[in-house]
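J.: Just passing along the structure, written as structure tokens.
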Amino acid sequence: MGAFVIETIAAYVGAAFMLLFGLFALFKGGQAERIGAGAYLLGWFASLILQSTAGMLNVQWGVFLIDIMLVLVFAALVWKSKRAWPVWACALQFLTVISHIMIILKLKTPISAFYTVLNMAGYGIVLAMAIGAFWAWQERKAIGAETDE
């Protein structure tokens with residue numbers, strides 16, 4: 001029972017981290033940050049729903065497709081945006097897709113390593129978006145302060 005409580009608390013802390021920084025990027029970021037955060041939060045919620053219906057030790061095709069779509073969203077942001085954070089987010093999301101492919105190909109990968117990569121990459125993506133949103137917000141504030149004078 002004790003390990004379950006710790007795992008549940010860790011899951012709640014992780015969810016709070018995702019929501020806090022994701023919503024910050026959604027509301028304070030520029031257009032690229034809003035698109036990235038919106039797509040990522042939608043993908044995250046959809047993945048949570050699909051994870052509960054699929055076996056945790058099996059290939060999760062729905063989550064794999066969501067991760068591929070997120071790579072495409074971040075790649076489009078890399079292509080169209082002048083910001084640096086989409087490059088990091090795209091690279092980390094691509095790492096999750098490669099992790100799925102390793103499981104699909106039945107390579108000798110411990111399932112705990114697979115979920116660790118997915119979680120750590122997710123935290124990195126949200127952190128990159130939050131940093132990008134912070135800088136976009138600060139740039140808007142600086143431009144607004146210059147035009148007020």
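Chain labels A, B, ... are given in the sequence in which chains occur in the structure tokens; within each chain residues are numbered consecutively from 1, and ligands are likewise numbered from 1 in the order shown.
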Which residues are near A:Leu50? Cut-off 9 Å, only C-alpha atoms, ignore same chain within fewer than 6 positions. Put them as a ChimeraX atom specification.
T.: /A:60,62-63
J.: Counting only C-alpha atoms, what is within 12 Å of stretch 95-99 of chain A, bar same-chain residues fewer than 6 positions away, as an MDAnalysis selection string?
T.: chainID A and resid 59:61 63:72 88:89 105:125
J.: To one decimal in Å, tell me the separation between atom CA of A:Ile101 and atom CA of A:Asn58.
T.: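 Separation of atom CA of A:Ile101 and atom CA of A:Asn58: 12.3 Å.
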J.: Compile the contact shell of stretch 24-31 of chain A as a ChimeraX atom specification: residues with an atom at most 12 Å away, counting only C-alpha atoms, same-chain residues fewer than 2 positions apart removed.
T.: /A:16-22,33-42,77,80-83,85,125-141
J.: Please, what distance in Å, to one decimal, runs between atom CA of A:Trp79 and atom CA of A:Gln93?
T.: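 Taking atom CA of A:Trp79 as the start and atom CA of A:Gln93 as the end point, the length is 15.5 Å.
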J.: Figure out the distance between atom CA of A:His100 and atom CA of A:Ala76, please, to one decimal in Å.
T.: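 Atom CA of A:His100 lies at a distance of 21.3 Å from atom CA of A:Ala76.
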